[in-house]
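my_file_9.pdb follows; it contains PDB, C-alpha atoms.
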```pdb
ATOM      1  CA  MET F 236      19.736  18.066  -8.846
ATOM      2  CA  HIS F 237      17.571  18.657 -11.906
ATOM      3  CA  ARG F 238      19.636  16.302 -14.052
ATOM      4  CA  GLN F 239      19.503  13.573 -11.409
ATOM      5  CA  PHE F 240      15.744  14.031 -11.152
ATOM      6  CA  ALA F 241      15.319  13.847 -14.928
ATOM      7  CA  ASP F 242      17.457  10.699 -15.177
ATOM      8  CA  LEU F 243      15.613   8.930 -12.365
ATOM      9  CA  ARG F 244      12.178   9.846 -13.682
ATOM     10  CA  ALA F 245      13.117   8.780 -17.211
ATOM     11  CA  ARG F 246      14.143   5.339 -15.954
ATOM     12  CA  PHE F 247      10.817   4.818 -14.201
ATOM     13  CA  LEU F 248       8.786   6.113 -17.144
ATOM     14  CA  ALA F 249      10.651   4.022 -19.734
ATOM     15  CA  ARG F 250      10.455   0.751 -17.824
ATOM     16  CA  LYS F 251       8.132  -1.983 -19.102
ATOM     17  CA  TYR F 252       5.807  -2.946 -16.261
ATOM     18  CA  ARG F 253       4.133  -6.309 -15.831
ATOM     19  CA  THR F 254       0.991  -4.925 -14.217
ATOM     20  CA  GLU F 255      -1.240  -1.924 -14.786
ATOM     21  CA  ARG F 256      -1.152  -1.030 -11.090
ATOM     22  CA  GLY F 257       2.631  -1.146 -11.033
ATOM     23  CA  HIS F 258       2.706   1.184 -14.037
ATOM     24  CA  GLU F 259       0.199   3.506 -12.372
ATOM     25  CA  PHE F 260       2.162   3.817  -9.127
ATOM     26  CA  ALA F 261       5.425   4.359 -11.027
ATOM     27  CA  CYS F 262       4.266   6.891 -13.612
ATOM     28  CA  TYR F 263       1.401   8.713 -11.918
ATOM     29  CA  GLY F 264       2.581   8.311  -8.340
ATOM     30  CA  PHE F 265       6.345   8.168  -7.865
ATOM     31  CA  SER F 266       7.352  10.134 -10.977
ATOM     32  CA  ARG F 267       4.862  12.931 -10.352
ATOM     33  CA  ARG F 268       5.935  13.206  -6.739
ATOM     34  CA  LEU F 269       9.565  13.600  -7.810
ATOM     35  CA  GLY F 270       8.605  16.526 -10.025
ATOM     36  CA  THR F 271       6.655  18.158  -7.209
ATOM     37  CA  MET F 272       9.575  17.781  -4.793
ATOM     38  CA  VAL F 273      12.091  19.325  -7.185
ATOM     39  CA  ARG F 274       9.815  22.275  -7.877
ATOM     40  CA  ALA F 275       9.164  22.695  -4.148
ATOM     41  CA  ILE F 276      12.892  23.036  -3.469
ATOM     42  CA  ASP F 277      13.251  25.575  -6.280
ATOM     43  CA  VAL F 278      10.390  27.706  -4.959
ATOM     44  CA  VAL F 279      11.725  27.738  -1.389
ATOM     45  CA  PHE F 280      15.086  29.089  -2.559
ATOM     46  CA  GLU F 281      13.398  31.552  -4.916
ATOM     47  CA  LYS F 282      11.195  32.905  -2.132
ATOM     48  CA  LEU F 283      13.803  32.800   0.635
ATOM     49  CA  PRO F 284      17.303  32.869  -0.874
ATOM     50  CA  PRO F 285      20.190  32.244   1.565
ATOM     51  CA  GLU F 286      21.527  35.773   1.030
ATOM     52  CA  LEU F 287      18.251  37.386   2.161
ATOM     53  CA  ASP F 288      18.955  39.823   5.018
ATOM     54  CA  THR F 289      15.554  41.485   5.395
ATOM     55  CA  ILE F 290      12.288  40.237   6.857
ATOM     56  CA  PRO F 291      10.096  38.937   4.003
ATOM     57  CA  ASP F 292       6.386  39.636   3.891
ATOM     58  CA  ARG F 293       3.952  37.120   5.322
ATOM     59  CA  ASP F 294       2.697  35.815   1.971
ATOM     60  CA  THR F 295       6.257  34.991   0.920
ATOM     61  CA  VAL F 296       6.834  33.024   4.110
ATOM     62  CA  VAL F 297       3.534  31.168   3.702
ATOM     63  CA  ASP F 298       4.387  30.301   0.085
ATOM     64  CA  ALA F 299       7.729  28.828   1.164
ATOM     65  CA  THR F 300       6.060  26.981   4.036
ATOM     66  CA  LEU F 301       3.585  25.385   1.637
ATOM     67  CA  MET F 302       6.471  24.109  -0.478
ATOM     68  CA  ILE F 303       8.260  22.602   2.529
ATOM     69  CA  GLN F 304       5.080  20.854   3.611
ATOM     70  CA  ALA F 305       4.520  19.562   0.074
ATOM     71  CA  PHE F 306       8.086  18.252  -0.042
ATOM     72  CA  VAL F 307       7.745  16.298   3.216
ATOM     73  CA  LEU F 308       4.405  14.729   2.292
ATOM     74  CA  ASN F 309       5.607  13.726  -1.162
ATOM     75  CA  ALA F 310       8.913  12.349   0.136
ATOM     76  CA  PHE F 311       6.912  10.072   2.429
ATOM     77  CA  GLY F 312       4.575   9.237  -0.448
ATOM     78  CA  CYS F 313       7.509   8.300  -2.696
ATOM     79  CA  LEU F 314       8.559   5.537  -0.318
ATOM     80  CA  ASP F 315       4.995   4.264  -0.184
ATOM     81  CA  ASN F 316       4.742   4.334  -3.995
ATOM     82  CA  LEU F 317       7.990   2.363  -4.297
ATOM     83  CA  ALA F 318       6.609  -0.273  -1.950
ATOM     84  CA  TRP F 319       3.433  -0.562  -4.034
ATOM     85  CA  ILE F 320       5.403  -0.846  -7.273
ATOM     86  CA  TRP F 321       7.383  -3.727  -5.800
ATOM     87  CA  VAL F 322       4.314  -5.485  -4.395
ATOM     88  CA  CYS F 323       2.426  -5.236  -7.687
ATOM     89  CA  GLU F 324       5.302  -6.215  -9.956
ATOM     90  CA  LYS F 325       6.794  -9.046  -7.891
ATOM     91  CA  PRO F 326       3.985  -9.857  -6.928
ATOM     92  CA  VAL F 327       4.052 -10.084  -3.127
ATOM     93  CA  LEU F 328       1.264 -12.134  -1.503
ATOM     94  CA  ASN F 329       0.444 -12.892   2.113
ATOM     95  CA  ALA F 330       0.831 -16.276   3.813
ATOM     96  CA  ARG F 331      -2.593 -17.335   2.500
ATOM     97  CA  GLY F 332      -1.639 -16.520  -1.073
ATOM     98  CA  LYS F 333      -3.900 -13.470  -1.169
ATOM     99  CA  GLU F 334      -3.122  -9.928  -2.264
ATOM    100  CA  LEU F 335      -1.855  -7.625   0.458
ATOM    101  CA  GLY F 336      -4.221  -5.050   1.889
ATOM    102  CA  PRO F 337      -3.346  -1.328   1.972
ATOM    103  CA  LEU F 338      -2.154  -1.514   5.591
ATOM    104  CA  GLU F 339       0.146  -4.440   4.761
ATOM    105  CA  VAL F 340       2.152  -2.559   2.130
ATOM    106  CA  GLY F 341       5.200  -0.488   3.035
ATOM    107  CA  LEU F 342       8.960  -0.594   3.420
ATOM    108  CA  GLY F 343       9.003  -0.548   7.220
ATOM    109  CA  PRO F 344       9.891  -3.487   9.500
ATOM    110  CA  LYS F 345       6.242  -4.075  10.463
ATOM    111  CA  ARG F 346       5.356  -4.939   6.871
ATOM    112  CA  ARG F 347       6.668  -8.461   7.240
ATOM    113  CA  ASP F 348       5.374  -9.951   3.992
ATOM    114  CA  VAL F 349       7.010  -7.163   1.996
ATOM    115  CA  ARG F 350      10.265  -7.346   3.946
ATOM    116  CA  ALA F 351      10.375 -11.128   3.485
ATOM    117  CA  SER F 352      10.378 -10.631  -0.299
ATOM    118  CA  PHE F 353      13.558  -8.511  -0.210
ATOM    119  CA  SER F 354      17.117  -9.770  -0.365
ATOM    120  CA  LYS F 355      19.124  -9.841   2.866
ATOM    121  CA  GLU F 356      21.340  -7.084   1.504
ATOM    122  CA  PHE F 357      18.407  -4.777   0.828
ATOM    123  CA  VAL F 358      16.861  -5.466   4.236
ATOM    124  CA  ALA F 359      20.193  -4.546   5.832
ATOM    125  CA  TYR F 360      20.231  -1.348   3.757
ATOM    126  CA  LEU F 361      16.749  -0.407   4.987
ATOM    127  CA  GLU F 362      17.585  -1.220   8.599
ATOM    128  CA  LYS F 363      20.582   1.109   8.538
ATOM    129  CA  ARG F 364      18.339   3.961   7.420
ATOM    130  CA  GLN F 365      15.254   3.243   9.516
ATOM    131  CA  ASP F 366      16.360   5.608  12.269
ATOM    132  CA  TRP F 367      16.652   8.448   9.737
ATOM    133  CA  VAL F 368      13.215   7.648   8.328
ATOM    134  CA  ASP F 369      11.649   7.610  11.794
ATOM    135  CA  LYS F 370      13.280  10.815  13.026
ATOM    136  CA  HIS F 371      13.556  12.970   9.931
ATOM    137  CA  LEU F 372      10.683  11.891   7.712
ATOM    138  CA  LYS F 373       7.958   9.933   9.465
ATOM    139  CA  GLY F 374       7.959  12.155  12.540
ATOM    140  CA  PHE F 375       7.665  15.344  10.488
ATOM    141  CA  ARG F 376       5.085  13.814   8.155
ATOM    142  CA  ASP F 377       2.909  12.536  11.013
ATOM    143  CA  SER F 378       3.090  15.863  12.808
ATOM    144  CA  LEU F 379       2.172  17.671   9.586
ATOM    145  CA  ALA F 380      -0.740  15.349   8.816
ATOM    146  CA  HIS F 381      -2.147  14.848  12.310
ATOM    147  CA  ARG F 382      -0.824  17.441  14.757
ATOM    148  CA  ILE F 383       1.267  20.597  14.295
ATOM    149  CA  PRO F 384       2.164  21.550  10.690
ATOM    150  CA  LEU F 385       5.721  22.478   9.784
ATOM    151  CA  TYR F 386       6.247  26.223   9.747
ATOM    152  CA  ILE F 387       8.843  28.949   9.246
ATOM    153  CA  PRO F 388       9.106  31.517  12.070
ATOM    154  CA  PRO F 389       8.777  35.111  10.793
ATOM    155  CA  TYR F 390      12.013  36.155  12.526
ATOM    156  CA  ILE F 391      14.101  35.653  15.668
ATOM    157  CA  VAL F 392      15.376  38.208  18.149
ATOM    158  CA  SER F 393      19.121  38.125  18.684
ATOM    159  CA  PRO F 394      20.174  36.848  22.152
ATOM    160  CA  ARG F 395      21.934  40.142  22.906
ATOM    161  CA  LEU F 396      18.820  42.227  22.349
ATOM    162  CA  SER F 397      16.594  39.665  24.038
ATOM    163  CA  LYS F 398      18.525  40.081  27.306
ATOM    164  CA  SER F 399      18.270  43.855  27.192
ATOM    165  CA  THR F 400      14.514  43.821  26.631
ATOM    166  CA  THR F 401      13.785  41.356  29.440
ATOM    167  CA  SER F 402      15.926  43.213  31.982
ATOM    168  CA  SER F 403      14.355  46.601  31.272
ATOM    169  CA  LYS F 404      10.810  47.676  32.072
ATOM    170  CA  LYS F 405      10.881  50.348  29.378
ATOM    171  CA  PRO F 406       9.750  49.440  25.868
ATOM    172  CA  VAL F 407      12.693  48.996  23.542
ATOM    173  CA  GLU F 408      12.585  49.706  19.841
ATOM    174  CA  MET F 409      14.242  46.817  18.058
ATOM    175  CA  PRO F 410      16.403  47.710  15.061
ATOM    176  CA  SER F 411      15.621  45.747  11.927
ATOM    177  CA  GLU F 412      19.069  44.131  11.895
ATOM    178  CA  SER F 413      18.262  42.409  15.193
ATOM    179  CA  LEU F 414      15.396  40.511  13.582
ATOM    180  CA  THR F 415      16.952  37.698  11.615
ATOM    181  CA  TRP F 416      15.983  34.353  10.235
ATOM    182  CA  GLY F 417      16.693  31.299  12.313
ATOM    183  CA  SER F 418      15.852  27.641  12.602
ATOM    184  CA  THR F 419      13.170  26.066  14.714
ATOM    185  CA  THR F 420      12.459  22.557  15.910
ATOM    186  CA  SER F 421       9.185  21.031  14.801
ATOM    187  CA  CYS F 422       6.770  19.750  17.411
ATOM    188  CA  ARG F 423       7.854  16.183  16.808
ATOM    189  CA  PRO F 424       5.754  13.405  18.428
ATOM    190  CA  SER F 425       7.173  10.581  20.458
ATOM    191  CA  SER F 426       7.346   7.116  18.932
ATOM    192  CA  ALA F 427       4.361   6.081  21.047
ATOM    193  CA  ASP F 428       2.228   8.743  19.358
ATOM    194  CA  TRP F 429       3.081   7.819  15.790
ATOM    195  CA  ALA F 430       0.281   6.496  13.657
ATOM    196  CA  SER F 431       0.825   3.089  12.108
ATOM    197  CA  GLY F 432       1.657   4.270   8.599
ATOM    198  CA  GLY F 433       3.371   2.338   5.844
ATOM    199  CA  LEU F 434       6.824   2.992   7.316
ATOM    200  CA  GLY F 435       5.989   1.947  10.869
TER     201      GLY F 435
END
```
Before we go any further, please render this structure as structure tokens.
Amino acid sequence: MHRQFADLRARFLARKYRTERGHEFACYGFSRRLGTMVRAIDVVFEKLPPELDTIPDRDTVVDATLMIQAFVLNAFGCLDNLAWIWVCEKPVLNARGKELGPLEVGLGPKRRDVRASFSKEFVAYLEKRQDWVDKHLKGFRDSLAHRIPLYIPPYIVSPRLSKSTTSSKKPVEMPSESLTWGSTTSCRPSSADWASGGLG
């Protein structure tokens, strides 16, 4: 992963840009975001390695949560930066021959002027991946920015022990091995709730 990141960043940094804004979005936007995302992944696995079999302290969980949130926001920002690089370098103008406004720039299907500047092959490529963007990136990003932030549950109670505690009126002491890490589903908004961001 680190080598792929270094190669990709080097290509964007070494490129000769036609415009100052294109250079700015590529070097200070996209490239910096890539570095943040790689470091975020490293920190998550340092804080919560897969082989961990004990309950980590709260600060450790919060640190890992911060990295996951940073990754999601910067992944979304990378796509927006790529759209701006293209618009500035092409350049892409609206039907009146004017520069596009901030809400007109993006890679999503609603950004018609930008989409019209792409090749048919690239539009087809984006269309095949739009469902992934909507479900696994935009939904999480919008929830993080506007509603419920992504989080890591402190632990889960095993189904076996959960049944025994609910069926008994007596308090049950839960052994530490019954408290394990598990996955959770983010409070993902419906498509009707999504804000009209650059990928909408």
Selection near Leu314 (chain F), 12 Å with all atoms listed in the file, sequence-local residues under 6 positions removed, as a short mmCIF file (atom, residue, chain, number, x, y, z; two decimals) with C-alpha atoms, in the frame of the given file:
```cif
data_model
loop_
_atom_site.label_atom_id
_atom_site.label_comp_id
_atom_site.auth_asym_id
_atom_site.auth_seq_id
_atom_site.Cartn_x
_atom_site.Cartn_y
_atom_site.Cartn_z
CA PHE F 260 2.16 3.82 -9.13
CA ALA F 261 5.42 4.36 -11.03
CA GLY F 264 2.58 8.31 -8.34
CA PHE F 265 6.34 8.17 -7.86
CA SER F 266 7.35 10.13 -10.98
CA ARG F 268 5.94 13.21 -6.74
CA LEU F 269 9.56 13.60 -7.81
CA VAL F 307 7.74 16.30 3.22
CA LEU F 308 4.40 14.73 2.29
CA ILE F 320 5.40 -0.85 -7.27
CA TRP F 321 7.38 -3.73 -5.80
CA VAL F 340 2.15 -2.56 2.13
CA GLY F 341 5.20 -0.49 3.04
CA LEU F 342 8.96 -0.59 3.42
CA GLY F 343 9.00 -0.55 7.22
CA LEU F 361 16.75 -0.41 4.99
CA VAL F 368 13.22 7.65 8.33
CA LEU F 372 10.68 11.89 7.71
CA LYS F 373 7.96 9.93 9.46
CA GLY F 432 1.66 4.27 8.60
CA GLY F 433 3.37 2.34 5.84
CA LEU F 434 6.82 2.99 7.32
#
```
For a quick check of understanding, using all atoms listed in the file, which of F:Met272, F:Arg293, F:Asn329, F:Pro344 has the smallest distance to Val358 (chain F)?
F:Pro344
Interatomic distance (Å, one decimal) between CA of Val322 (chain F) and CA of Tyr252 (chain F)
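Between CA of Val322 (chain F) and CA of Tyr252 (chain F) the gap works out to 12.2 Å.
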Just the number, please: distance in Å from CA of Thr300 (chain F) to CA of Lys370 (chain F), one decimal.
19.9 Å
Residues of region 242-347 of chain F at most 9 Å from region 386-396 of chain F: nearest atom pair and distance in Å, all atoms listed in the file, as a tab-separated table:
```
residue	atom	partner	partner_atom	distance
F:Ile290	CA	F:Tyr390	CA	7.0
F:Pro291	CA	F:Pro389	CA	7.9
F:Asp292	CA	F:Pro389	CA	8.6
F:Arg293	CA	F:Pro389	CA	7.6
F:Val296	CA	F:Ile387	CA	6.9
F:Val297	CA	F:Ile387	CA	8.0
F:Ala299	CA	F:Ile387	CA	8.2
F:Thr300	CA	F:Tyr386	CA	5.8
F:Leu301	CA	F:Tyr386	CA	8.6
F:Ile303	CA	F:Tyr386	CA	8.3
F:Gln304	CA	F:Tyr386	CA	8.2
```
Please reconstruct the missing atoms of region 368-379 of chain F (target: all heavy atoms) and return them as a short mmCIF file (atom, residue, chain, number, x, y, z; two decimals), in the coordinates of the input.
```
data_model
loop_
_atom_site.label_atom_id
_atom_site.label_comp_id
_atom_site.auth_asym_id
_atom_site.auth_seq_id
_atom_site.Cartn_x
_atom_site.Cartn_y
_atom_site.Cartn_z
N VAL F 368 14.61 7.56 8.78
CA VAL F 368 13.22 7.65 8.33
C VAL F 368 12.30 8.01 9.49
O VAL F 368 11.44 8.89 9.38
CB VAL F 368 12.76 6.31 7.70
CG1 VAL F 368 11.26 6.32 7.44
CG2 VAL F 368 13.51 6.06 6.40
N ASP F 369 12.50 7.36 10.63
CA ASP F 369 11.65 7.61 11.79
C ASP F 369 11.79 9.03 12.31
O ASP F 369 10.80 9.70 12.63
CB ASP F 369 11.98 6.62 12.92
CG ASP F 369 11.54 5.20 12.59
OD1 ASP F 369 10.66 5.04 11.72
OD2 ASP F 369 12.07 4.26 13.21
N LYS F 370 13.03 9.51 12.41
CA LYS F 370 13.28 10.82 13.03
C LYS F 370 13.08 11.99 12.07
O LYS F 370 12.56 13.03 12.46
CB LYS F 370 14.70 10.86 13.59
CG LYS F 370 14.92 9.97 14.80
CD LYS F 370 16.34 10.11 15.31
CE LYS F 370 16.56 9.26 16.55
NZ LYS F 370 17.96 9.37 17.06
N HIS F 371 13.51 11.83 10.83
CA HIS F 371 13.56 12.97 9.93
C HIS F 371 12.51 12.95 8.82
O HIS F 371 12.45 13.87 8.03
CB HIS F 371 14.94 13.08 9.30
CG HIS F 371 16.03 13.22 10.32
ND1 HIS F 371 16.18 14.34 11.11
CD2 HIS F 371 17.01 12.36 10.70
CE1 HIS F 371 17.20 14.18 11.92
NE2 HIS F 371 17.72 12.99 11.70
N LEU F 372 11.72 11.92 8.74
CA LEU F 372 10.68 11.89 7.71
C LEU F 372 9.33 11.53 8.30
O LEU F 372 8.38 12.31 8.23
CB LEU F 372 11.05 10.90 6.60
CG LEU F 372 10.07 10.84 5.43
CD1 LEU F 372 9.87 12.23 4.81
CD2 LEU F 372 10.55 9.86 4.37
N LYS F 373 9.24 10.38 8.92
CA LYS F 373 7.96 9.93 9.46
C LYS F 373 7.46 10.85 10.58
O LYS F 373 6.28 11.19 10.64
CB LYS F 373 8.07 8.50 9.98
CG LYS F 373 6.73 7.87 10.34
CD LYS F 373 6.90 6.41 10.70
CE LYS F 373 5.55 5.73 10.87
NZ LYS F 373 4.74 6.33 11.95
N GLY F 374 8.37 11.27 11.46
CA GLY F 374 7.96 12.16 12.54
C GLY F 374 7.42 13.48 12.03
O GLY F 374 6.38 13.96 12.49
N PHE F 375 8.12 14.08 11.06
CA PHE F 375 7.66 15.34 10.49
C PHE F 375 6.37 15.16 9.71
O PHE F 375 5.46 15.98 9.77
CB PHE F 375 8.74 15.93 9.57
CG PHE F 375 9.92 16.47 10.31
CD1 PHE F 375 11.21 16.16 9.92
CD2 PHE F 375 9.75 17.32 11.40
CE1 PHE F 375 12.31 16.67 10.60
CE2 PHE F 375 10.84 17.83 12.09
CZ PHE F 375 12.13 17.50 11.69
N ARG F 376 6.29 14.06 8.95
CA ARG F 376 5.08 13.81 8.15
C ARG F 376 3.87 13.60 9.06
O ARG F 376 2.79 14.14 8.81
CB ARG F 376 5.31 12.60 7.25
CG ARG F 376 4.08 12.21 6.43
CD ARG F 376 3.24 11.17 7.16
NE ARG F 376 2.02 10.84 6.45
CZ ARG F 376 1.02 10.14 6.97
NH1 ARG F 376 1.10 9.72 8.23
NH2 ARG F 376 -0.06 9.87 6.27
N ASP F 377 4.03 12.81 10.11
CA ASP F 377 2.91 12.54 11.01
C ASP F 377 2.47 13.79 11.75
O ASP F 377 1.28 14.02 11.97
CB ASP F 377 3.28 11.44 12.01
CG ASP F 377 3.35 10.06 11.35
OD1 ASP F 377 2.96 9.96 10.17
OD2 ASP F 377 3.79 9.11 12.01
N SER F 378 3.44 14.61 12.15
CA SER F 378 3.09 15.86 12.81
C SER F 378 2.35 16.78 11.84
O SER F 378 1.35 17.41 12.20
CB SER F 378 4.36 16.55 13.32
OG SER F 378 4.04 17.77 13.97
N LEU F 379 2.81 16.84 10.61
CA LEU F 379 2.17 17.67 9.59
C LEU F 379 0.75 17.20 9.29
O LEU F 379 -0.17 18.00 9.17
CB LEU F 379 3.02 17.64 8.31
CG LEU F 379 2.43 18.30 7.06
CD1 LEU F 379 2.13 19.76 7.31
CD2 LEU F 379 3.40 18.14 5.89
#
```
